$ cat protein39.txt   # compact mmCIF, C-alpha atoms and all ligand atoms
# COMPACT_ATOMS: atom_id res chain seq x y z
CA MET X 1 54.14 32.92 19.74
CA GLU X 2 57.06 31.27 17.95
CA LYS X 3 59.47 33.64 16.27
CA LYS X 4 59.27 33.44 12.47
CA ILE X 5 62.23 31.83 10.71
CA ALA X 6 63.73 32.93 7.38
CA LEU X 7 66.16 30.69 5.51
CA ILE X 8 68.45 32.42 3.02
CA THR X 9 70.49 30.23 0.67
CA GLY X 10 73.94 31.58 -0.14
CA GLY X 11 73.36 33.86 2.83
CA ALA X 12 76.97 34.41 3.86
CA THR X 13 77.97 36.72 1.01
CA GLY X 14 76.81 39.58 -1.22
CA ILE X 15 73.07 39.85 -1.81
CA GLY X 16 72.33 36.90 0.48
CA ALA X 17 74.11 38.54 3.41
CA ALA X 18 72.16 41.76 2.83
CA CYS X 19 68.92 39.71 2.90
CA CYS X 20 69.99 38.09 6.19
CA LYS X 21 70.55 41.54 7.72
CA SER X 22 67.28 43.03 6.48
CA LEU X 23 65.23 40.03 7.64
CA SER X 24 66.99 40.03 11.00
CA ASP X 25 66.13 43.74 11.34
CA ALA X 26 62.51 42.80 10.54
CA GLY X 27 62.51 40.46 13.56
CA PHE X 28 63.08 37.07 11.95
CA LYS X 29 65.29 34.33 13.30
CA VAL X 30 67.65 33.95 10.35
CA GLY X 31 69.05 30.73 8.89
CA ILE X 32 72.26 31.57 7.07
CA HIS X 33 72.80 28.82 4.54
CA PHE X 34 76.25 28.54 2.93
CA ASN X 35 78.32 26.13 0.89
CA SER X 36 82.00 27.13 1.03
CA SER X 37 81.88 30.41 3.01
CA ALA X 38 81.80 28.93 6.53
CA ALA X 39 83.89 31.67 8.16
CA LYS X 40 81.78 34.43 6.61
CA ALA X 41 78.56 32.68 7.71
CA GLU X 42 79.85 32.42 11.29
CA ALA X 43 80.99 36.05 11.32
CA LEU X 44 77.63 37.25 9.99
CA ALA X 45 75.69 35.12 12.48
CA ALA X 46 77.67 36.72 15.31
CA THR X 47 76.40 40.17 14.24
CA LEU X 48 72.71 39.18 14.09
CA LYS X 49 70.31 39.00 17.03
CA ASP X 50 69.03 35.47 16.44
CA ALA X 51 70.67 33.37 13.74
CA PHE X 52 71.90 29.88 12.92
CA ILE X 53 74.14 28.63 10.12
CA ILE X 54 73.60 25.61 7.94
CA GLN X 55 75.91 24.12 5.29
CA GLY X 56 74.75 22.40 2.12
CA ASP X 57 75.73 22.17 -1.54
CA VAL X 58 72.56 23.05 -3.45
CA SER X 59 73.96 21.52 -6.64
CA THR X 60 73.41 18.07 -5.11
CA ILE X 61 70.26 16.34 -3.93
CA GLU X 62 72.08 15.19 -0.76
CA GLY X 63 73.14 18.78 0.04
CA ILE X 64 69.54 20.00 -0.03
CA ASP X 65 68.24 16.93 1.78
CA ALA X 66 70.73 17.71 4.57
CA VAL X 67 69.31 21.24 4.90
CA TYR X 68 65.78 19.79 5.01
CA GLU X 69 66.71 17.26 7.72
CA TYR X 70 68.43 19.94 9.81
CA ILE X 71 65.37 22.21 9.67
CA LYS X 72 63.11 19.28 10.50
CA LYS X 73 65.10 18.17 13.55
CA ASP X 74 66.82 21.30 14.84
CA GLN X 75 64.33 24.03 13.91
CA ASN X 76 61.15 22.14 14.66
CA GLY X 77 60.25 21.85 10.96
CA GLN X 78 59.61 25.56 10.75
CA ILE X 79 60.45 27.86 7.86
CA ASP X 80 58.27 30.90 7.24
CA VAL X 81 60.32 32.58 4.54
CA LEU X 82 62.65 30.93 2.03
CA VAL X 83 64.97 33.13 -0.03
CA ASN X 84 66.49 31.11 -2.87
CA ASN X 85 69.54 33.26 -3.47
CA ALA X 86 72.40 30.78 -4.03
CA GLY X 87 73.63 30.98 -7.59
CA VAL X 88 76.62 30.86 -9.89
CA ALA X 89 77.35 32.89 -13.00
CA MET X 90 78.81 31.36 -16.14
CA ASP X 91 80.43 33.77 -18.58
CA ASN X 92 81.45 32.06 -21.78
CA PRO X 93 80.30 32.17 -25.40
CA ILE X 94 78.28 29.13 -26.48
CA PHE X 95 81.03 27.89 -28.79
CA THR X 96 83.72 27.79 -26.11
CA ALA X 97 81.66 26.95 -23.02
CA SER X 98 82.24 23.49 -21.54
CA LEU X 99 79.52 20.97 -20.82
CA ASP X 100 80.79 20.70 -17.26
CA ASP X 101 80.20 24.41 -16.69
CA PHE X 102 76.79 24.10 -18.32
CA GLN X 103 75.84 21.27 -15.97
CA LYS X 104 77.15 23.02 -12.85
CA THR X 105 75.21 26.19 -13.63
CA ILE X 106 72.02 24.23 -14.26
CA ASP X 107 72.50 22.16 -11.10
CA VAL X 108 73.03 25.13 -8.76
CA ASN X 109 70.71 27.75 -10.23
CA MET X 110 67.89 25.71 -11.69
CA ARG X 111 67.60 22.31 -10.06
CA GLY X 112 68.88 23.73 -6.76
CA THR X 113 66.08 26.31 -6.65
CA TRP X 114 63.41 23.83 -7.77
CA TYR X 115 64.46 21.11 -5.35
CA MET X 116 64.85 23.52 -2.42
CA ILE X 117 61.24 24.68 -2.99
CA LYS X 118 60.09 21.06 -3.30
CA ARG X 119 61.56 20.21 0.11
CA ILE X 120 61.10 23.39 2.15
CA ALA X 121 57.55 24.17 0.91
CA ARG X 122 56.45 21.05 2.83
CA PHE X 123 57.02 22.94 6.12
CA MET X 124 54.96 25.89 4.85
CA ILE X 125 52.15 23.70 3.49
CA ARG X 126 51.73 22.21 6.96
CA LYS X 127 51.38 25.71 8.43
CA LYS X 128 49.25 26.96 5.54
CA ALA X 129 51.45 30.05 5.35
CA GLY X 130 54.75 31.08 3.85
CA ARG X 131 56.71 33.27 1.50
CA ILE X 132 59.18 32.08 -1.12
CA ILE X 133 61.42 34.65 -2.80
CA ASN X 134 63.60 33.54 -5.70
CA ILE X 135 66.52 35.70 -6.74
CA SER X 136 66.63 35.54 -10.52
CA SER X 137 68.33 38.22 -12.66
CA VAL X 138 67.87 40.93 -15.25
CA ILE X 139 69.76 38.49 -17.50
CA GLY X 140 66.71 36.20 -17.40
CA SER X 141 64.83 38.75 -19.51
CA VAL X 142 67.55 40.86 -21.16
CA PRO X 143 69.90 38.80 -23.36
CA ASN X 144 73.59 39.17 -22.55
CA ALA X 145 76.26 37.76 -24.88
CA THR X 146 78.46 35.17 -23.08
CA GLN X 147 75.70 34.42 -20.55
CA SER X 148 73.51 31.95 -22.47
CA VAL X 149 73.41 29.35 -19.72
CA TYR X 150 73.14 31.83 -16.84
CA GLY X 151 70.30 33.59 -18.69
CA MET X 152 68.53 30.28 -19.38
CA THR X 153 68.63 29.32 -15.71
CA LYS X 154 67.40 32.71 -14.54
CA ALA X 155 64.53 32.78 -17.08
CA ALA X 156 63.66 29.29 -15.86
CA ILE X 157 63.58 30.52 -12.25
CA ASP X 158 61.08 33.24 -13.21
CA ASN X 159 58.88 30.64 -14.88
CA LEU X 160 59.22 28.37 -11.85
CA THR X 161 58.12 31.29 -9.66
CA LYS X 162 54.90 31.65 -11.63
CA VAL X 163 54.13 27.92 -11.58
CA ALA X 164 54.94 27.55 -7.87
CA ALA X 165 52.73 30.57 -7.14
CA LEU X 166 49.84 28.82 -8.90
CA GLU X 167 50.38 25.52 -7.11
CA LEU X 168 50.97 26.94 -3.64
CA ALA X 169 48.33 29.70 -3.52
CA GLN X 170 45.84 27.21 -2.05
CA TYR X 171 48.15 26.88 0.97
CA ASN X 172 48.49 30.64 1.44
CA ILE X 173 52.11 30.55 0.24
CA LEU X 174 53.19 33.54 -1.84
CA VAL X 175 55.97 33.01 -4.38
CA ASN X 176 57.78 35.85 -6.15
CA SER X 177 61.02 36.54 -7.96
CA ILE X 178 63.30 39.49 -7.49
CA ALA X 179 65.29 40.09 -10.66
CA PRO X 180 68.27 42.24 -9.72
CA GLY X 181 70.17 44.26 -12.27
CA PHE X 182 73.92 44.67 -11.78
CA ILE X 183 74.67 44.74 -8.05
CA GLU X 184 78.05 45.39 -6.41
CA THR X 185 79.12 41.94 -5.12
CA ASP X 186 81.97 39.45 -5.61
CA MET X 187 80.07 38.15 -8.64
CA THR X 188 80.16 41.47 -10.51
CA GLY X 189 83.61 42.27 -9.08
CA LYS X 190 84.96 39.61 -11.45
CA ILE X 191 83.73 41.54 -14.54
CA PRO X 192 86.69 43.23 -16.31
CA GLU X 193 86.82 47.02 -15.78
CA ASP X 194 86.28 47.99 -19.43
CA PHE X 195 83.19 45.77 -19.59
CA GLN X 196 81.90 47.27 -16.33
CA LYS X 197 82.06 50.71 -18.01
CA GLU X 198 79.96 49.38 -20.91
CA ILE X 199 77.41 48.00 -18.46
CA LEU X 200 77.10 51.36 -16.66
CA LYS X 201 76.14 53.01 -19.97
CA LYS X 202 73.10 50.71 -20.11
CA ILE X 203 71.86 51.57 -16.61
CA PRO X 204 69.65 54.70 -16.61
CA LEU X 205 70.48 55.44 -12.95
CA GLY X 206 74.17 55.37 -13.96
CA ARG X 207 75.41 53.11 -11.19
CA MET X 208 75.32 49.53 -10.00
CA GLY X 209 72.94 48.68 -7.18
CA LYS X 210 73.95 47.87 -3.59
CA PRO X 211 73.11 44.52 -1.98
CA ASP X 212 71.01 46.39 0.62
CA GLU X 213 68.80 47.65 -2.21
CA ILE X 214 67.83 44.03 -2.85
CA GLY X 215 67.62 43.26 0.87
CA GLU X 216 64.97 45.95 1.40
CA VAL X 217 62.75 44.48 -1.35
CA VAL X 218 63.19 40.99 0.12
CA LYS X 219 62.06 42.39 3.47
CA PHE X 220 58.99 43.94 1.83
CA LEU X 221 58.01 40.66 0.14
CA ALA X 222 58.64 38.74 3.37
CA THR X 223 56.59 41.01 5.62
CA SER X 224 54.12 42.96 3.43
CA GLY X 225 52.90 42.55 -0.13
CA THR X 226 50.02 40.31 0.93
CA TYR X 227 48.38 40.41 -2.53
CA ILE X 228 51.58 39.86 -4.55
CA THR X 229 52.29 36.38 -5.86
CA GLY X 230 53.68 35.03 -9.13
CA SER X 231 55.36 38.37 -9.80
CA ILE X 232 58.82 39.22 -11.07
CA ILE X 233 59.99 42.37 -9.27
CA HIS X 234 62.72 44.11 -11.27
CA VAL X 235 65.28 45.98 -9.18
CA ASN X 236 67.70 47.16 -11.83
CA GLY X 237 68.18 50.94 -11.91
CA GLY X 238 65.93 51.12 -14.98
CA MET X 239 67.96 48.68 -17.12
CA TYR X 240 65.49 46.93 -19.43
CA GLY X 241 67.64 46.49 -22.52
N1 LIG X 301 75.53 40.61 -8.30
C1 LIG X 301 74.68 40.81 -9.30
O1 LIG X 301 74.83 41.76 -10.09
C2 LIG X 301 73.50 39.91 -9.50
C3 LIG X 301 72.56 40.29 -10.44
C4 LIG X 301 71.45 39.49 -10.65
C5 LIG X 301 71.28 38.34 -9.91
N2 LIG X 301 72.24 37.98 -9.01
C6 LIG X 301 72.01 36.74 -8.27
O2 LIG X 301 72.07 37.00 -6.89
C7 LIG X 301 72.47 35.81 -6.20
C8 LIG X 301 73.61 36.14 -5.23
O3 LIG X 301 74.74 36.54 -5.98
P1 LIG X 301 75.81 37.60 -5.44
O4 LIG X 301 75.92 38.65 -6.45
O5 LIG X 301 75.52 37.97 -4.03
O6 LIG X 301 77.17 36.78 -5.57
P2 LIG X 301 77.98 35.89 -4.52
O7 LIG X 301 78.44 36.72 -3.40
O8 LIG X 301 78.98 35.18 -5.36
O9 LIG X 301 76.90 34.87 -3.96
C9 LIG X 301 76.63 33.63 -4.50
C10 LIG X 301 76.18 32.75 -3.34
O10 LIG X 301 75.75 31.49 -3.87
C11 LIG X 301 76.22 30.47 -3.03
N3 LIG X 301 76.44 29.25 -3.79
C12 LIG X 301 77.09 29.12 -4.98
N4 LIG X 301 77.17 27.82 -5.33
C13 LIG X 301 76.54 27.12 -4.33
C14 LIG X 301 76.29 25.74 -4.12
N5 LIG X 301 76.71 24.80 -4.96
N6 LIG X 301 75.62 25.38 -3.00
C15 LIG X 301 75.20 26.33 -2.11
N7 LIG X 301 75.41 27.65 -2.27
C16 LIG X 301 76.08 28.04 -3.37
C17 LIG X 301 77.53 30.97 -2.48
O11 LIG X 301 77.76 30.30 -1.22
P3 LIG X 301 79.26 30.04 -0.65
O12 LIG X 301 80.01 31.33 -0.82
O13 LIG X 301 79.02 29.64 0.75
O14 LIG X 301 79.83 28.92 -1.47
C18 LIG X 301 77.30 32.46 -2.35
O15 LIG X 301 76.90 32.83 -1.05
C19 LIG X 301 72.84 34.80 -7.29
O16 LIG X 301 71.76 33.92 -7.52
C20 LIG X 301 73.04 35.67 -8.51
O17 LIG X 301 72.84 34.98 -9.72
C21 LIG X 301 73.34 38.72 -8.78

$ encode --input "protein39.txt" --output "structure tokens"
Amino acid sequence: MEKKIALITGGATGIGAACCKSLSDAGFKVGIHFNSSAAKAEALAATLKDAFIIQGDVSTIEGIDAVYEYIKKDQNGQIDVLVNNAGVAMDNPIFTASLDDFQKTIDVNMRGTWYMIKRIARFMIRKKAGRIINISSVIGSVPNATQSVYGMTKAAIDNLTKVAALELAQYNILVNSIAPGFIETDMTGKIPEDFQKEILKKIPLGRMGKPDEIGEVVKFLATSGTYITGSIIHVNGGMYG
């Protein structure tokens, strides 16, 4: 039997890297997708049992088409699990945010996730099996001042999850979102220290999460959870407001 393949976008860093490790531990051949973090992708691949790396800018149609073509030719058109993790944060009040930043955030988080599903689901439809896991965010359901665009894109991803689950159920493809709360990665490392203290006050468990705590839920959705589709799984230390 062919080994199952999991493709993780933005897999070289933070939450994506934790997902690569947990899915490798679960026995998958892991596709570490990256955009700018080539060295990190190579280093991570060297630590995993069976992995390949693939570059592509998900904010462009060509970048995603290149990933599709690579999988088609070099991986025999096989993807069993897709984790749409690549994303950018935009922290700026509406009145000072630039249209360029707006567009970039939409292109990576929203269109990138939608178009990646559009292309990669084709491989799963052929097999009549697959799992798609979209990494959204607590900010998609809890409003956060300065994150209007980020929040819009993450709410959109959760809606996309539900629609894709409806459309793909007939092909035995399960689609779910994981909505992380604040997780210790480069993304949250950029938050000023005084603001980080304010965030901690809002988290009932009193700490930020670890990337591995998202990785373990990704592993569950990739290998178990056979009756879960169209769901938003919140992994946020109890932060709902
Ligand atoms: N950390 C948190 O508290 C938190 C909370 C909720 C949700 N999330 C979500 O979790 C996901 C991972 O974030 P993280 O915290 O692990 O931060 P991170 O380390 O900054 O990861 C972001 C990843 O997205 C990739 N990426 C960004 N722009 C891209 C593009 N144009 N094309 C392809 N890949 C691109 C990056 O790839 P390269 O480095 O190769 O460019 C990077 O691996 C994001 O979707 C984020 O919104 C994070």

$ residues_around --input "protein39.txt" --residues "X:Ala145" --least-positions-apart "2" --cutoff "12 Å" --atoms "all atoms listed in the file" --output "count of residues only"
15

$ residues_near_ligand --input "protein39.txt" --ligand "ligand LIG 301 (chain X)" --cutoff "8 Å" --atoms "only C-alpha atoms and all ligand atoms" --output "PyMOL selection string"
chain X and resi 9-17+33-38+41+55-60+63+84-89+107-109+112+135-139+150+154+179-188+208-209+211

$ write_last_selection --input "protein39.txt" --atoms "C-alpha atoms" --output "JSON list (two decimals), keeping the file's coordinate frame"
[["chain", "number", "residue", "atom", "x", "y", "z"],
["X", 9, "THR", "CA", 70.49, 30.23, 0.67],
["X", 10, "GLY", "CA", 73.94, 31.58, -0.14],
["X", 11, "GLY", "CA", 73.36, 33.86, 2.83],
["X", 12, "ALA", "CA", 76.97, 34.41, 3.86],
["X", 13, "THR", "CA", 77.97, 36.72, 1.01],
["X", 14, "GLY", "CA", 76.81, 39.58, -1.22],
["X", 15, "ILE", "CA", 73.07, 39.85, -1.81],
["X", 16, "GLY", "CA", 72.33, 36.90, 0.48],
["X", 17, "ALA", "CA", 74.11, 38.54, 3.41],
["X", 33, "HIS", "CA", 72.80, 28.82, 4.54],
["X", 34, "PHE", "CA", 76.25, 28.54, 2.93],
["X", 35, "ASN", "CA", 78.32, 26.13, 0.89],
["X", 36, "SER", "CA", 82.00, 27.13, 1.03],
["X", 37, "SER", "CA", 81.88, 30.41, 3.01],
["X", 38, "ALA", "CA", 81.80, 28.93, 6.53],
["X", 41, "ALA", "CA", 78.56, 32.68, 7.71],
["X", 55, "GLN", "CA", 75.91, 24.12, 5.29],
["X", 56, "GLY", "CA", 74.75, 22.40, 2.12],
["X", 57, "ASP", "CA", 75.73, 22.17, -1.54],
["X", 58, "VAL", "CA", 72.56, 23.05, -3.45],
["X", 59, "SER", "CA", 73.96, 21.52, -6.64],
["X", 60, "THR", "CA", 73.41, 18.07, -5.11],
["X", 63, "GLY", "CA", 73.14, 18.78, 0.04],
["X", 84, "ASN", "CA", 66.49, 31.11, -2.87],
["X", 85, "ASN", "CA", 69.54, 33.26, -3.47],
["X", 86, "ALA", "CA", 72.40, 30.78, -4.03],
["X", 87, "GLY", "CA", 73.63, 30.98, -7.59],
["X", 88, "VAL", "CA", 76.62, 30.86, -9.89],
["X", 89, "ALA", "CA", 77.35, 32.89, -13.00],
["X", 107, "ASP", "CA", 72.50, 22.16, -11.10],
["X", 108, "VAL", "CA", 73.03, 25.13, -8.76],
["X", 109, "ASN", "CA", 70.71, 27.75, -10.23],
["X", 112, "GLY", "CA", 68.88, 23.73, -6.76],
["X", 135, "ILE", "CA", 66.52, 35.70, -6.74],
["X", 136, "SER", "CA", 66.63, 35.54, -10.52],
["X", 137, "SER", "CA", 68.33, 38.22, -12.66],
["X", 138, "VAL", "CA", 67.87, 40.93, -15.25],
["X", 139, "ILE", "CA", 69.76, 38.49, -17.50],
["X", 150, "TYR", "CA", 73.14, 31.83, -16.84],
["X", 154, "LYS", "CA", 67.40, 32.71, -14.54],
["X", 179, "ALA", "CA", 65.29, 40.09, -10.66],
["X", 180, "PRO", "CA", 68.27, 42.24, -9.72],
["X", 181, "GLY", "CA", 70.17, 44.26, -12.27],
["X", 182, "PHE", "CA", 73.92, 44.67, -11.78],
["X", 183, "ILE", "CA", 74.67, 44.74, -8.05],
["X", 184, "GLU", "CA", 78.05, 45.39, -6.41],
["X", 185, "THR", "CA", 79.12, 41.94, -5.12],
["X", 186, "ASP", "CA", 81.97, 39.45, -5.61],
["X", 187, "MET", "CA", 80.07, 38.15, -8.64],
["X", 188, "THR", "CA", 80.16, 41.47, -10.51],
["X", 208, "MET", "CA", 75.32, 49.53, -10.00],
["X", 209, "GLY", "CA", 72.94, 48.68, -7.18],
["X", 211, "PRO", "CA", 73.11, 44.52, -1.98]]

$ residues_around --input "protein39.txt" --residues "stretch 219-230 of chain X" --least-positions-apart "3" --cutoff "8 Å" --atoms "all atoms listed in the file" --output "VMD selection string"
chain X and resid 19 22 to 23 26 81 131 133 161 to 166 174 to 177 215 to 216

$ atom_distance --input "protein39.txt" --atom1 "atom CA of X:Asp50" --atom2 "atom CA of X:Lys73"
18.0 Å

$ atom_distance --input "protein39.txt" --atom1 "atom CA of X:Arg111" --atom2 "atom CA of X:Asn159"
13.0 Å

$ atom_distance --input "protein39.txt" --atom1 "atom CA of X:Ala155" --atom2 "atom CA of X:His234"
12.9 Å

$ axis_aligned_box --input "protein39.txt" --around "stretch 151-157 of chain X" --padding-each-side "8 Å" --output "AutoDock Vina command-line options"
--center_x 66.9 --center_y 31.4 --center_z -15.8 --size_x 22.7 --size_y 20.3 --size_z 23.1

$ closest_residue --input "protein39.txt" --among "X:Arg122, X:Ile5, X:Cys20, X:Asn134" --to "X:Glu69" --atoms "only C-alpha atoms"
X:Arg122

$ residues_near_point --input "protein39.txt" --point "(62.9, 19.3, 5.0)" --cutoff "6 Å" --atoms "all atoms listed in the file" --output "list in words"
Tyr68, Glu69, Lys72, Arg119 and Ile120 of chain X

$ write_last_selection --input "protein39.txt" --atoms "C-alpha atoms" --output "PDB file, keeping the file's coordinate frame"
ATOM      1  CA  TYR X  68      65.780  19.790   5.010  1.00  0.00           C
ATOM      2  CA  GLU X  69      66.710  17.260   7.720  1.00  0.00           C
ATOM      3  CA  LYS X  72      63.110  19.280  10.500  1.00  0.00           C
ATOM      4  CA  ARG X 119      61.560  20.210   0.110  1.00  0.00           C
ATOM      5  CA  ILE X 120      61.100  23.390   2.150  1.00  0.00           C
TER       6      ILE X 120
END

$ closest_residue --input "protein39.txt" --among "X:Ile32, X:Met116, X:Ile214, X:Ile173" --to "X:Ile64" --atoms "all atoms listed in the file"
X:Met116

$ closest_residue --input "protein39.txt" --among "X:Asp80, X:Tyr115, X:Lys197, X:Lys4" --to "X:Glu62" --atoms "all atoms listed in the file"
X:Tyr115

$ closest_residue --input "protein39.txt" --among "X:Thr47, X:Ser231, X:Gln75, X:Gln196" --to "X:Phe123" --atoms "all atoms listed in the file"
X:Gln75

$ residues_around --input "protein39.txt" --residues "X:Leu205" --least-positions-apart "6" --cutoff "9 Å" --atoms "all atoms listed in the file" --output "PDB file with C-alpha atoms, in the frame of the given file"
ATOM      1  CA  ASN X 236      67.700  47.160 -11.830  1.00  0.00           C
ATOM      2  CA  GLY X 237      68.180  50.940 -11.910  1.00  0.00           C
ATOM      3  CA  GLY X 238      65.930  51.120 -14.980  1.00  0.00           C
ATOM      4  CA  MET X 239      67.960  48.680 -17.120  1.00  0.00           C
TER       5      MET X 239
END

$ closest_residue --input "protein39.txt" --among "X:Leu82, X:Pro204, X:Tyr70, X:Ala51" --to "X:Ala6" --atoms "all atoms listed in the file"
X:Leu82
